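Raw contents of run-v5.cif, mmCIF, C-alpha atoms and all ligand atoms:
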data_data
loop_
_atom_site.label_atom_id
_atom_site.label_comp_id
_atom_site.auth_asym_id
_atom_site.auth_seq_id
_atom_site.Cartn_x
_atom_site.Cartn_y
_atom_site.Cartn_z
CA MET A 864 149.59 -36.59 -122.21
CA ASP A 865 148.51 -33.16 -123.52
CA PHE A 866 147.96 -34.27 -127.13
CA TYR A 867 146.23 -31.14 -128.42
CA ARG A 868 148.55 -28.87 -126.41
CA THR A 869 145.85 -27.29 -124.25
CA ASP A 870 148.58 -26.14 -121.88
CA ASP A 871 150.00 -24.00 -124.69
CA LEU A 872 146.86 -21.88 -124.23
CA LEU A 873 147.78 -21.11 -120.62
CA THR A 874 149.00 -17.63 -119.75
CA GLU A 875 152.36 -17.13 -118.12
CA GLU A 876 150.67 -16.76 -114.73
CA GLU A 877 148.69 -19.98 -115.22
CA ARG A 878 151.86 -21.85 -116.20
CA LEU A 879 153.54 -20.54 -113.09
CA VAL A 880 150.65 -21.89 -111.01
CA ARG A 881 150.95 -25.26 -112.80
CA ASP A 882 154.69 -25.53 -112.27
CA THR A 883 154.58 -24.32 -108.68
CA VAL A 884 151.87 -26.79 -107.67
CA ARG A 885 153.55 -29.65 -109.58
CA ASP A 886 156.80 -28.92 -107.83
CA PHE A 887 155.11 -28.71 -104.42
CA ALA A 888 153.29 -32.00 -105.05
CA ALA A 889 156.45 -33.75 -106.23
CA LYS A 890 158.53 -32.66 -103.26
CA ARG A 891 156.07 -32.40 -100.40
CA ILE A 892 153.26 -34.85 -101.22
CA MET A 893 154.41 -37.68 -103.48
CA PRO A 894 157.11 -39.10 -101.18
CA HIS A 895 154.51 -39.59 -98.40
CA ILE A 896 151.07 -39.89 -99.95
CA ALA A 897 150.88 -43.70 -100.07
CA ASP A 898 151.76 -43.85 -96.35
CA TRP A 899 149.26 -41.10 -95.49
CA PHE A 900 146.59 -42.91 -97.49
CA GLU A 901 147.35 -46.20 -95.74
CA ALA A 902 147.35 -44.52 -92.32
CA GLY A 903 144.20 -42.54 -93.15
CA THR A 904 145.70 -39.12 -92.44
CA LEU A 905 146.60 -35.85 -94.12
CA PRO A 906 148.95 -33.69 -92.03
CA GLN A 907 147.25 -30.51 -90.90
CA ASP A 908 150.42 -28.47 -91.31
CA LEU A 909 149.89 -28.68 -95.08
CA ALA A 910 147.21 -25.99 -94.82
CA PRO A 911 149.57 -23.08 -94.03
CA GLU A 912 151.90 -24.31 -96.79
CA LEU A 913 149.02 -24.30 -99.27
CA GLY A 914 148.13 -20.85 -97.97
CA ARG A 915 151.66 -19.55 -98.56
CA LEU A 916 151.42 -20.82 -102.15
CA GLY A 917 148.27 -18.73 -102.55
CA LEU A 918 146.07 -21.77 -103.27
CA LEU A 919 143.35 -21.27 -100.63
CA GLY A 920 140.47 -19.21 -102.01
CA MET A 921 142.78 -18.44 -104.94
CA HIS A 922 139.89 -17.49 -107.27
CA LEU A 923 138.51 -14.94 -104.76
CA THR A 924 139.62 -11.33 -104.47
CA GLY A 925 140.66 -9.26 -101.44
CA TYR A 926 141.12 -10.46 -97.84
CA GLY A 927 144.49 -12.02 -98.66
CA CYS A 928 143.12 -14.14 -101.53
CA ALA A 929 145.18 -14.46 -104.71
CA GLY A 930 142.43 -13.20 -107.06
CA MET A 931 143.34 -15.55 -109.90
CA GLY A 932 141.20 -16.61 -112.83
CA ALA A 933 139.08 -19.71 -113.26
CA ILE A 934 141.65 -21.53 -115.41
CA ALA A 935 144.45 -20.92 -112.90
CA TYR A 936 142.17 -22.40 -110.22
CA GLY A 937 141.39 -25.35 -112.48
CA VAL A 938 145.05 -25.99 -113.25
CA ALA A 939 145.88 -25.92 -109.53
CA CYS A 940 143.11 -28.46 -108.85
CA ARG A 941 144.45 -30.67 -111.65
CA GLU A 942 147.99 -30.66 -110.32
CA LEU A 943 146.88 -31.21 -106.72
CA GLU A 944 144.67 -34.14 -107.70
CA ALA A 945 147.46 -35.68 -109.77
CA ALA A 946 148.98 -36.20 -106.32
CA ASP A 947 145.78 -37.19 -104.52
CA SER A 948 142.07 -36.34 -104.60
CA GLY A 949 142.19 -35.86 -100.81
CA LEU A 950 144.65 -33.00 -101.17
CA ARG A 951 142.50 -31.40 -103.88
CA SER A 952 139.43 -31.89 -101.70
CA LEU A 953 141.09 -29.96 -98.87
CA VAL A 954 141.74 -27.03 -101.20
CA SER A 955 138.32 -27.23 -102.91
CA VAL A 956 136.39 -27.33 -99.65
CA GLN A 957 138.41 -24.53 -98.12
CA GLY A 958 138.20 -22.21 -101.14
CA SER A 959 134.92 -23.00 -102.86
CA LEU A 960 132.70 -24.38 -100.11
CA ALA A 961 133.83 -22.56 -96.95
CA MET A 962 135.49 -19.30 -98.08
CA PHE A 963 133.26 -18.67 -101.11
CA PRO A 964 129.96 -18.41 -99.15
CA ILE A 965 131.59 -16.08 -96.61
CA TRP A 966 133.13 -14.01 -99.42
CA LYS A 967 129.92 -13.88 -101.45
CA TYR A 968 127.18 -13.79 -98.79
CA GLY A 969 128.94 -12.78 -95.55
CA SER A 970 128.77 -9.46 -93.71
CA PRO A 971 131.87 -7.18 -93.81
CA GLU A 972 132.63 -8.28 -90.23
CA GLN A 973 132.35 -12.00 -91.07
CA LYS A 974 134.67 -11.53 -94.06
CA GLU A 975 137.24 -9.62 -92.03
CA GLU A 976 137.14 -12.12 -89.22
CA TRP A 977 137.55 -15.29 -91.26
CA LEU A 978 138.79 -14.83 -94.83
CA PRO A 979 142.37 -13.59 -94.23
CA ARG A 980 143.08 -16.44 -91.79
CA MET A 981 141.47 -18.98 -94.09
CA ALA A 982 143.45 -17.73 -97.10
CA ALA A 983 146.62 -18.13 -95.04
CA GLY A 984 145.64 -21.66 -93.98
CA GLU A 985 145.62 -20.57 -90.33
CA ALA A 986 141.93 -21.37 -90.02
CA ILE A 987 140.29 -24.38 -91.65
CA GLY A 988 136.70 -24.31 -92.84
CA CYS A 989 134.11 -26.93 -93.69
CA PHE A 990 130.73 -26.98 -95.43
CA GLY A 991 127.83 -28.82 -93.86
CA LEU A 992 124.90 -29.57 -96.13
CA THR A 993 124.50 -33.39 -96.21
CA GLU A 994 122.69 -35.13 -93.35
CA PRO A 995 122.56 -38.81 -92.42
CA ASP A 996 119.10 -39.19 -94.01
CA HIS A 997 119.24 -36.39 -96.59
CA GLY A 998 122.03 -36.47 -99.18
CA SER A 999 120.89 -36.01 -102.77
CA ASP A 1000 117.76 -34.23 -101.50
CA PRO A 1001 119.01 -31.41 -99.25
CA SER A 1002 115.62 -29.69 -99.46
CA SER A 1003 114.39 -32.24 -96.88
CA MET A 1004 117.10 -31.32 -94.35
CA LYS A 1005 116.15 -31.55 -90.67
CA THR A 1006 118.87 -29.33 -89.20
CA PHE A 1007 117.03 -26.27 -87.95
CA ALA A 1008 117.96 -22.87 -86.52
CA GLN A 1009 115.26 -21.46 -84.26
CA PRO A 1010 115.38 -17.69 -83.76
CA ASN A 1011 115.22 -16.48 -80.13
CA ASP A 1012 115.85 -13.25 -78.22
CA SER A 1013 119.63 -13.52 -78.32
CA GLY A 1014 120.06 -15.02 -81.79
CA TRP A 1015 119.63 -18.63 -82.86
CA LEU A 1016 119.36 -22.12 -81.42
CA LEU A 1017 120.86 -24.63 -83.89
CA SER A 1018 120.02 -28.35 -83.72
CA GLY A 1019 120.69 -31.21 -86.09
CA THR A 1020 123.32 -33.52 -87.58
CA LYS A 1021 125.50 -33.17 -90.67
CA MET A 1022 127.22 -36.19 -92.21
CA TRP A 1023 130.23 -36.87 -94.46
CA ILE A 1024 131.66 -33.41 -93.87
CA THR A 1025 135.16 -32.96 -95.33
CA ASN A 1026 137.50 -31.30 -92.78
CA GLY A 1027 134.57 -31.44 -90.32
CA SER A 1028 136.46 -32.53 -87.20
CA ILE A 1029 139.47 -30.24 -87.79
CA ALA A 1030 137.57 -27.14 -88.89
CA ASP A 1031 137.90 -23.89 -86.97
CA ILE A 1032 134.74 -22.62 -88.64
CA ALA A 1033 131.83 -24.63 -90.01
CA VAL A 1034 129.52 -23.17 -92.65
CA ILE A 1035 126.27 -24.94 -91.77
CA TRP A 1036 123.12 -24.83 -93.88
CA ALA A 1037 119.97 -25.11 -91.80
CA GLY A 1038 116.24 -24.60 -92.09
CA THR A 1039 114.74 -21.51 -90.41
CA PRO A 1040 111.17 -20.19 -90.33
CA ASP A 1041 112.19 -18.20 -93.46
CA GLY A 1042 113.81 -21.06 -95.37
CA VAL A 1043 117.36 -22.39 -95.60
CA ARG A 1044 120.11 -20.07 -94.32
CA GLY A 1045 123.85 -20.39 -93.82
CA PHE A 1046 125.39 -20.11 -90.33
CA LEU A 1047 128.98 -19.70 -89.20
CA VAL A 1048 129.57 -22.05 -86.28
CA PRO A 1049 133.00 -21.78 -84.64
CA ARG A 1050 134.79 -24.79 -83.22
CA GLY A 1051 134.19 -25.01 -79.48
CA ALA A 1052 130.66 -23.60 -79.55
CA ARG A 1053 128.81 -25.27 -76.67
CA GLY A 1054 126.74 -28.19 -77.95
CA PHE A 1055 128.77 -28.57 -81.19
CA THR A 1056 130.53 -31.94 -81.34
CA SER A 1057 132.21 -33.84 -84.16
CA ARG A 1058 133.25 -37.42 -84.81
CA ALA A 1059 135.75 -38.41 -87.47
CA ILE A 1060 134.46 -41.15 -89.80
CA HIS A 1061 136.86 -44.10 -90.05
CA LYS A 1062 137.02 -47.34 -92.05
CA LYS A 1063 136.78 -45.42 -95.34
CA MET A 1064 138.27 -47.19 -98.36
CA SER A 1065 138.32 -43.98 -100.41
CA LEU A 1066 139.68 -40.47 -99.82
CA ARG A 1067 141.68 -41.87 -96.95
CA ALA A 1068 144.09 -38.91 -97.05
CA SER A 1069 141.22 -36.60 -96.17
CA VAL A 1070 139.32 -35.92 -92.96
CA THR A 1071 135.61 -36.78 -93.15
CA ALA A 1072 133.34 -36.24 -90.14
CA GLU A 1073 129.89 -36.24 -88.65
CA LEU A 1074 128.89 -32.99 -86.95
CA HIS A 1075 126.26 -32.78 -84.23
CA PHE A 1076 124.53 -29.62 -83.03
CA ASP A 1077 122.62 -29.92 -79.78
CA GLU A 1078 120.82 -26.61 -79.18
CA VAL A 1079 123.93 -24.62 -80.06
CA LYS A 1080 123.42 -20.96 -79.10
CA LEU A 1081 124.54 -18.66 -81.90
CA PRO A 1082 124.53 -14.87 -81.93
CA ALA A 1083 122.22 -13.10 -84.40
CA ASP A 1084 125.21 -12.16 -86.55
CA ALA A 1085 126.23 -15.82 -87.06
CA MET A 1086 123.91 -15.99 -90.07
CA LEU A 1087 125.21 -15.21 -93.56
CA PRO A 1088 123.05 -12.20 -94.45
CA GLY A 1089 123.45 -12.29 -98.23
CA VAL A 1090 121.48 -15.35 -99.32
CA SER A 1091 118.42 -17.38 -98.42
CA GLY A 1092 117.12 -20.64 -99.80
CA LEU A 1093 118.91 -23.62 -101.29
CA LYS A 1094 120.46 -21.44 -103.97
CA GLY A 1095 123.02 -20.47 -101.29
CA PRO A 1096 124.62 -23.92 -100.87
CA LEU A 1097 123.93 -24.88 -104.49
CA SER A 1098 125.87 -21.85 -105.77
CA CYS A 1099 128.86 -22.93 -103.64
CA LEU A 1100 128.62 -26.44 -105.10
CA THR A 1101 128.63 -25.01 -108.62
CA GLU A 1102 131.95 -23.29 -107.77
CA ALA A 1103 133.46 -26.44 -106.32
CA ARG A 1104 132.22 -28.75 -109.10
CA PHE A 1105 134.10 -26.64 -111.63
CA GLY A 1106 137.28 -27.46 -109.69
CA ILE A 1107 136.36 -31.16 -109.70
CA ALA A 1108 135.91 -31.19 -113.49
CA TRP A 1109 139.53 -29.98 -113.70
CA GLY A 1110 140.86 -31.90 -110.71
CA VAL A 1111 140.00 -35.35 -112.03
CA LEU A 1112 142.17 -34.67 -115.09
CA GLY A 1113 145.08 -34.95 -112.67
CA SER A 1114 144.15 -38.34 -111.22
CA ALA A 1115 143.32 -39.66 -114.71
CA ARG A 1116 146.63 -38.38 -116.11
CA SER A 1117 148.57 -39.98 -113.28
CA CYS A 1118 146.83 -43.32 -113.95
CA LEU A 1119 147.45 -43.16 -117.70
CA GLU A 1120 151.12 -42.18 -117.27
CA THR A 1121 151.62 -45.05 -114.84
CA ALA A 1122 149.88 -47.52 -117.16
CA VAL A 1123 151.95 -46.46 -120.19
CA GLU A 1124 155.21 -46.74 -118.30
CA TYR A 1125 154.22 -50.12 -116.90
CA ALA A 1126 153.09 -51.41 -120.30
CA ARG A 1127 156.44 -50.46 -121.84
CA THR A 1128 158.51 -52.28 -119.27
CA ARG A 1129 156.47 -55.23 -117.99
CA GLU A 1130 157.16 -58.34 -120.08
CA GLN A 1131 154.95 -61.37 -120.55
CA PHE A 1132 155.09 -64.02 -123.27
CA GLY A 1133 158.52 -62.72 -124.17
CA LYS A 1134 157.67 -59.09 -124.91
CA PRO A 1135 156.42 -55.91 -123.22
CA ILE A 1136 152.67 -56.03 -122.53
CA GLY A 1137 152.51 -52.65 -124.29
CA GLY A 1138 153.32 -54.57 -127.48
CA PHE A 1139 150.01 -56.45 -127.36
CA GLN A 1140 147.19 -54.97 -129.41
CA LEU A 1141 144.65 -55.39 -126.61
CA THR A 1142 146.82 -53.26 -124.30
CA GLN A 1143 147.37 -50.66 -127.00
CA GLY A 1144 143.61 -50.51 -127.62
CA LYS A 1145 143.04 -49.81 -123.93
CA LEU A 1146 145.75 -47.12 -123.86
CA ALA A 1147 144.46 -45.48 -127.02
CA TRP A 1148 140.93 -45.12 -125.61
CA MET A 1149 142.23 -43.92 -122.24
CA PHE A 1150 144.26 -41.30 -124.09
CA ALA A 1151 141.32 -40.26 -126.29
CA ASP A 1152 139.04 -39.96 -123.25
CA LEU A 1153 141.58 -37.92 -121.26
CA THR A 1154 142.14 -35.64 -124.24
CA ARG A 1155 138.40 -34.98 -124.61
CA ALA A 1156 138.13 -34.27 -120.89
CA GLN A 1157 141.05 -31.79 -121.09
CA LEU A 1158 139.38 -29.93 -123.95
CA LEU A 1159 136.09 -29.78 -122.04
CA ALA A 1160 137.78 -28.43 -118.91
CA MET A 1161 139.68 -25.80 -120.86
CA HIS A 1162 136.53 -24.71 -122.65
CA ILE A 1163 134.42 -24.31 -119.51
CA GLY A 1164 137.35 -22.48 -117.94
CA ARG A 1165 137.26 -19.99 -120.77
CA LEU A 1166 133.48 -19.71 -120.55
CA LYS A 1167 133.70 -19.07 -116.80
CA GLU A 1168 136.29 -16.37 -117.29
CA ALA A 1169 133.97 -14.68 -119.80
CA GLY A 1170 130.96 -14.84 -117.47
CA PRO A 1171 129.14 -17.10 -115.05
CA LEU A 1172 128.56 -20.73 -116.06
CA THR A 1173 125.08 -22.17 -115.74
CA PRO A 1174 124.70 -24.96 -113.16
CA GLU A 1175 123.87 -27.34 -116.03
CA GLN A 1176 127.10 -26.47 -117.84
CA VAL A 1177 129.00 -27.37 -114.68
CA SER A 1178 126.88 -30.51 -114.11
CA LEU A 1179 127.80 -31.86 -117.53
CA ALA A 1180 131.50 -31.22 -117.01
CA LYS A 1181 131.53 -32.74 -113.49
CA MET A 1182 129.52 -35.78 -114.56
CA ALA A 1183 131.43 -36.46 -117.79
CA ASN A 1184 134.95 -35.81 -116.51
CA VAL A 1185 134.54 -37.84 -113.32
CA ARG A 1186 133.14 -40.76 -115.34
CA THR A 1187 136.08 -40.47 -117.75
CA ALA A 1188 138.59 -40.39 -114.91
CA ILE A 1189 137.12 -43.38 -113.11
CA ASP A 1190 137.05 -45.41 -116.34
CA ILE A 1191 140.70 -44.52 -117.03
CA ALA A 1192 141.68 -45.46 -113.47
CA ARG A 1193 139.93 -48.83 -113.71
CA GLN A 1194 141.53 -49.62 -117.09
CA ALA A 1195 144.94 -48.58 -115.77
CA ARG A 1196 144.45 -50.95 -112.87
CA THR A 1197 143.91 -53.88 -115.24
CA ILE A 1198 147.10 -53.05 -117.15
CA LEU A 1199 149.10 -53.16 -113.93
CA GLY A 1200 147.78 -56.63 -113.10
CA ALA A 1201 148.42 -57.54 -109.46
CA ASN A 1202 150.61 -54.45 -109.06
CA GLY A 1203 147.45 -52.49 -109.80
CA ILE A 1204 146.11 -53.24 -106.34
CA THR A 1205 149.08 -52.07 -104.26
CA LEU A 1206 149.93 -48.62 -102.97
CA GLU A 1207 153.37 -49.02 -104.56
CA TYR A 1208 151.67 -47.47 -107.60
CA PRO A 1209 149.17 -44.59 -107.49
CA VAL A 1210 146.47 -46.28 -109.56
CA ILE A 1211 144.35 -48.08 -106.96
CA ARG A 1212 144.55 -45.02 -104.69
CA HIS A 1213 143.21 -42.79 -107.47
CA ALA A 1214 140.60 -45.37 -108.47
CA ASN A 1215 139.34 -45.65 -104.90
CA ASN A 1216 139.39 -41.88 -104.38
CA LEU A 1217 137.37 -41.34 -107.54
CA GLU A 1218 134.55 -43.43 -106.05
CA SER A 1219 134.02 -40.59 -103.57
CA VAL A 1220 134.41 -37.93 -106.24
CA LEU A 1221 131.71 -39.73 -108.25
CA THR A 1222 129.36 -39.42 -105.25
CA TYR A 1223 130.12 -36.10 -103.60
CA GLU A 1224 129.00 -32.71 -104.87
CA GLY A 1225 126.07 -34.35 -106.63
CA THR A 1226 126.11 -37.99 -107.65
CA GLU A 1227 126.40 -38.96 -111.29
CA GLU A 1228 122.67 -39.72 -111.27
CA ILE A 1229 121.72 -36.32 -109.85
CA HIS A 1230 123.76 -34.53 -112.54
CA ALA A 1231 122.14 -36.73 -115.18
CA LEU A 1232 118.73 -35.65 -113.83
CA ALA A 1233 119.78 -31.98 -113.99
CA LEU A 1234 120.75 -32.45 -117.63
CA GLY A 1235 117.64 -34.50 -118.37
CA HIS A 1236 115.56 -31.68 -116.93
CA ALA A 1237 117.41 -29.10 -119.04
CA LEU A 1238 116.92 -31.17 -122.20
CA THR A 1239 113.28 -32.19 -121.79
CA GLY A 1240 111.85 -29.54 -119.50
CA ILE A 1241 110.54 -32.40 -117.35
CA SER A 1242 111.80 -32.81 -113.79
CA ALA A 1243 112.40 -36.46 -112.90
CA TYR A 1244 113.79 -36.00 -109.37
CA ARG A 1245 110.60 -37.19 -107.65
C1 LIG L 1 134.33 -38.57 -98.90
C2 LIG L 1 133.10 -37.71 -98.92
C3 LIG L 1 133.19 -36.37 -98.58
C4 LIG L 1 132.04 -35.58 -98.55
N1 LIG L 1 132.13 -34.25 -98.17
C5 LIG L 1 131.00 -33.53 -97.97
C6 LIG L 1 131.06 -32.20 -97.45
O1 LIG L 1 132.14 -31.66 -97.21
N2 LIG L 1 129.90 -31.54 -97.22
C7 LIG L 1 128.67 -32.10 -97.47
O2 LIG L 1 127.66 -31.44 -97.21
N3 LIG L 1 128.59 -33.36 -97.99
C8 LIG L 1 129.71 -34.08 -98.24
N4 LIG L 1 129.64 -35.36 -98.75
C9 LIG L 1 128.31 -35.96 -98.95
C10 LIG L 1 127.94 -36.12 -100.42
O3 LIG L 1 127.69 -34.89 -101.01
C11 LIG L 1 126.71 -37.07 -100.46
O4 LIG L 1 127.21 -38.35 -100.13
C12 LIG L 1 126.02 -37.07 -101.80
O5 LIG L 1 125.33 -35.88 -102.01
C13 LIG L 1 125.03 -38.25 -101.93
O6 LIG L 1 124.22 -38.34 -100.81
P1 LIG L 1 124.04 -39.76 -100.08
O7 LIG L 1 125.39 -40.32 -99.82
O8 LIG L 1 123.15 -39.52 -98.91
O9 LIG L 1 123.35 -40.69 -101.13
P2 LIG L 1 121.78 -40.79 -101.47
O10 LIG L 1 121.23 -39.43 -101.71
O11 LIG L 1 121.13 -41.64 -100.44
O12 LIG L 1 121.84 -41.56 -102.85
C14 LIG L 1 122.08 -42.97 -102.94
C15 LIG L 1 121.95 -43.38 -104.39
O13 LIG L 1 120.62 -43.07 -104.86
C16 LIG L 1 120.71 -42.25 -106.00
N5 LIG L 1 119.57 -41.31 -106.04
C17 LIG L 1 119.15 -40.46 -105.09
N6 LIG L 1 118.10 -39.76 -105.52
C18 LIG L 1 117.84 -40.18 -106.77
C19 LIG L 1 116.89 -39.84 -107.76
N7 LIG L 1 115.97 -38.87 -107.57
N8 LIG L 1 116.92 -40.50 -108.95
C20 LIG L 1 117.83 -41.45 -109.19
N9 LIG L 1 118.79 -41.82 -108.31
C21 LIG L 1 118.77 -41.19 -107.11
C22 LIG L 1 122.02 -41.51 -105.87
O14 LIG L 1 122.47 -41.02 -107.12
C23 LIG L 1 122.91 -42.61 -105.31
O15 LIG L 1 123.33 -43.44 -106.36
C24 LIG L 1 130.79 -36.16 -98.86
C25 LIG L 1 130.72 -37.51 -99.24
C26 LIG L 1 131.85 -38.28 -99.28
C27 LIG L 1 131.76 -39.72 -99.68
#
Taking this structure as input, can you express it in the form of structure tokens?
Amino acid sequence: MDFYRTDDLLTEEERLVRDTVRDFAAKRIMPHIADWFEAGTLPQDLAPELGRLGLLGMHLTGYGCAGMGAIAYGVACRELEAADSGLRSLVSVQGSLAMFPIWKYGSPEQKEEWLPRMAAGEAIGCFGLTEPDHGSDPSSMKTFAQPNDSGWLLSGTKMWITNGSIADIAVIWAGTPDGVRGFLVPRGARGFTSRAIHKKMSLRASVTAELHFDEVKLPADAMLPGVSGLKGPLSCLTEARFGIAWGVLGSARSCLETAVEYARTREQFGKPIGGFQLTQGKLAWMFADLTRAQLLAMHIGRLKEAGPLTPEQVSLAKMANVRTAIDIARQARTILGANGITLEYPVIRHANNLESVLTYEGTEEIHALALGHALTGISAYR
């Protein structure tokens, strides 16, 4: 499925990451993932295993993090998501949304306290930005931290938070009299409650939760000192979206591989359905689209290793690659006919998961608006 041999450009270390994660996914995830998806669970003991593989905060340096490059991180996301987007989401949220803000904006004490345990998978983190009434527009958030003599009083609700109800530490973005700031809220803080969200039809092998803060007393040093304003959470999202642009290559590849294999062996009208021109046309376009997405991911990986990417560069890659992946998944589903709707094959699981990936970390529409703004100079958000 790697037509232009982008993997030939990987370094030895990056290939080792690829092969290690593939092997882990094949042995530890694939035999169980359909059952986990059906049951709506992802075993928590996977986190220390991912930590031992060096995958948690792998693109960060120090504090027990692996200190790898952007492409190695991307390749790991790709191979994890080839198993399931929920598994990749666990790693993305932990590394890019929970560890990254602590690593980048935390005090030395906050880093020492949390990062080594998070890198080892002994402590799980989550990232709370979205609220029930404020998703695409986080600037309107209502969660507020009021300063007082002993520190802060945090009140509000966060919604759709990955790992929210299992997190040991929640990175919560809240308004303050001086603008939006990040706060580290440990599990068990009085007034902090969580509720797992059920009845999801997508990302079922992933914990999603609502978090409620009822006048939670936080010490003064609970605030991340290094950033103020929405650029704090948005910079974390830029990190994580890079991983998504790579990750969805994995789900798309899994769908295409499954569709090709099915088309070669499933017979109708006396011959394999892969022998019909309509099926071949579908497969050819799926292959062309995946190939373009691979080249895009590799290129932004190289750009990121040479220097920071702009948020718009990441928006384009997230928007385009997720759209490509979801289109491939839907086409693959048609090729599998009725078998395309069962968990006996990975296709419907990937297709359903990608509906969440299309929405989280900026919807397709919001990324289109970011690019429209960059192209025209005119903001069309409001
Ligand atoms: C499984 C899952 C996990 C998630 N994990 C996290 C997490 O860990 N942390 C976190 O903080 N959030 C998380 N989210 C929340 C996610 O980021 C939001 O769902 C997303 O930002 C969209 O917000 P919304 O759902 O409120 O939709 P809305 O903002 O209400 O948007 C609804 C629709 O309106 C469109 N729209 C909105 N504004 C405009 C506009 N100006 N122009 C045109 N169209 C517009 C949107 O594109 C969308 O199609 C998660 C979501 C899911 C589904």
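Using all atoms listed in the file, the shortest contact distance between Glu972 (chain A) and any of A:Lys1134, A:Leu1087, A:Gly1042, A:Ile1107 is found at A:Leu1087.
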Which residues of chain A sit at most 9 Å from ligand LIG 1 (chain L), using all atoms listed in the file? Give each one's shortest atom pair and distance in Å (one decimal place), in chain and ascending residue order, as a Markdown table.
| residue | atom | partner | partner_atom | distance |
| --- | --- | --- | --- | --- |
| A:Gly949 | CA | L:LIG1 | C1 | 8.5 |
| A:Ser952 | CA | L:LIG1 | C3 | 8.3 |
| A:Val956 | CA | L:LIG1 | O1 | 6.5 |
| A:Leu960 | CA | L:LIG1 | O1 | 7.9 |
| A:Cys989 | CA | L:LIG1 | O1 | 6.2 |
| A:Phe990 | CA | L:LIG1 | N2 | 5.0 |
| A:Gly991 | CA | L:LIG1 | O2 | 4.3 |
| A:Leu992 | CA | L:LIG1 | O2 | 3.5 |
| A:Thr993 | CA | L:LIG1 | O2 | 3.8 |
| A:Glu994 | CA | L:LIG1 | O8 | 7.1 |
| A:Pro995 | CA | L:LIG1 | O8 | 6.6 |
| A:Asp996 | CA | L:LIG1 | O8 | 6.4 |
| A:His997 | CA | L:LIG1 | O8 | 5.5 |
| A:Gly998 | CA | L:LIG1 | O8 | 3.3 |
| A:Ser999 | CA | L:LIG1 | O10 | 3.6 |
| A:Asp1000 | CA | L:LIG1 | O10 | 6.3 |
| A:Pro1001 | CA | L:LIG1 | O5 | 8.2 |
| A:Lys1021 | CA | L:LIG1 | O2 | 7.1 |
| A:Met1022 | CA | L:LIG1 | N3 | 6.6 |
| A:Trp1023 | CA | L:LIG1 | C24 | 4.5 |
| A:Ile1024 | CA | L:LIG1 | O1 | 3.8 |
| A:Thr1025 | CA | L:LIG1 | O1 | 3.8 |
| A:Asn1026 | CA | L:LIG1 | O1 | 7.0 |
| A:Gly1027 | CA | L:LIG1 | O1 | 7.3 |
| A:Ile1035 | CA | L:LIG1 | O2 | 8.6 |
| A:Trp1036 | CA | L:LIG1 | O2 | 8.7 |
| A:Lys1063 | CA | L:LIG1 | C1 | 8.1 |
| A:Ser1065 | CA | L:LIG1 | C1 | 6.9 |
| A:Leu1066 | CA | L:LIG1 | C1 | 5.8 |
| A:Arg1067 | CA | L:LIG1 | C1 | 8.3 |
| A:Ser1069 | CA | L:LIG1 | C1 | 7.7 |
| A:Val1070 | CA | L:LIG1 | C1 | 8.2 |
| A:Thr1071 | CA | L:LIG1 | C3 | 6.0 |
| A:Ala1072 | CA | L:LIG1 | N1 | 8.4 |
| A:Pro1096 | CA | L:LIG1 | O2 | 8.9 |
| A:Asn1216 | CA | L:LIG1 | C1 | 8.2 |
| A:Glu1218 | CA | L:LIG1 | C27 | 7.9 |
| A:Ser1219 | CA | L:LIG1 | C27 | 4.6 |
| A:Val1220 | CA | L:LIG1 | C27 | 7.3 |
| A:Leu1221 | CA | L:LIG1 | C27 | 8.6 |
| A:Thr1222 | CA | L:LIG1 | C12 | 5.3 |
| A:Tyr1223 | CA | L:LIG1 | O3 | 3.8 |
| A:Glu1224 | CA | L:LIG1 | O3 | 4.6 |
| A:Gly1225 | CA | L:LIG1 | O5 | 4.9 |
| A:Thr1226 | CA | L:LIG1 | O14 | 4.8 |
| A:Glu1227 | CA | L:LIG1 | O14 | 6.1 |
| A:Glu1228 | CA | L:LIG1 | O14 | 4.4 |
| A:Ile1229 | CA | L:LIG1 | O14 | 5.5 |
| A:His1230 | CA | L:LIG1 | O14 | 8.6 |
| A:Ala1231 | CA | L:LIG1 | C20 | 8.8 |
| A:Leu1232 | CA | L:LIG1 | N8 | 7.1 |
| A:Ala1243 | CA | L:LIG1 | N7 | 6.9 |
| A:Tyr1244 | CA | L:LIG1 | N7 | 4.0 |
| A:Arg1245 | CA | L:LIG1 | N7 | 5.6 |
**Asked** Between A:Lys967, A:His1162, A:Ala935, A:Ser955, which is the closest to Val884 (chain A) once you count only C-alpha atoms?
**Response**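 When distances to Val884 (chain A) are compared using only C-alpha atoms, the smallest one comes from A:Ala935.
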**Request:** Please provide the set of residues having any atom within 7 Å of region 1081-1083 of chain A, restricted to all atoms listed in the file, with same-chain residues fewer than 5 positions apart removed, written as number ranges by chain.
**Result:** A: 1013-1016
Using all atoms listed in the file, determine which residues lie at most 10 Å from Gly1089 (chain A), disregarding the query and same-chain residues fewer than 6 positions distant; provide the list as a PDB file with C-alpha atoms, in the coordinates of the input.
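Once everything was written out, this is out16.pdb:
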ATOM      1  CA  PRO A 964     129.960 -18.410 -99.150  1.00  0.00           C
ATOM      2  CA  ILE A 965     131.590 -16.080 -96.610  1.00  0.00           C
ATOM      3  CA  TRP A 966     133.130 -14.010 -99.420  1.00  0.00           C
ATOM      4  CA  LYS A 967     129.920 -13.880-101.450  1.00  0.00           C
ATOM      5  CA  TYR A 968     127.180 -13.790 -98.790  1.00  0.00           C
ATOM      6  CA  GLY A 969     128.940 -12.780 -95.550  1.00  0.00           C
ATOM      7  CA  SER A 970     128.770  -9.460 -93.710  1.00  0.00           C
ATOM      8  CA  ARG A1044     120.110 -20.070 -94.320  1.00  0.00           C
ATOM      9  CA  GLY A1045     123.850 -20.390 -93.820  1.00  0.00           C
ATOM     10  CA  GLY A1095     123.020 -20.470-101.290  1.00  0.00           C
TER      11      GLY A1095
END
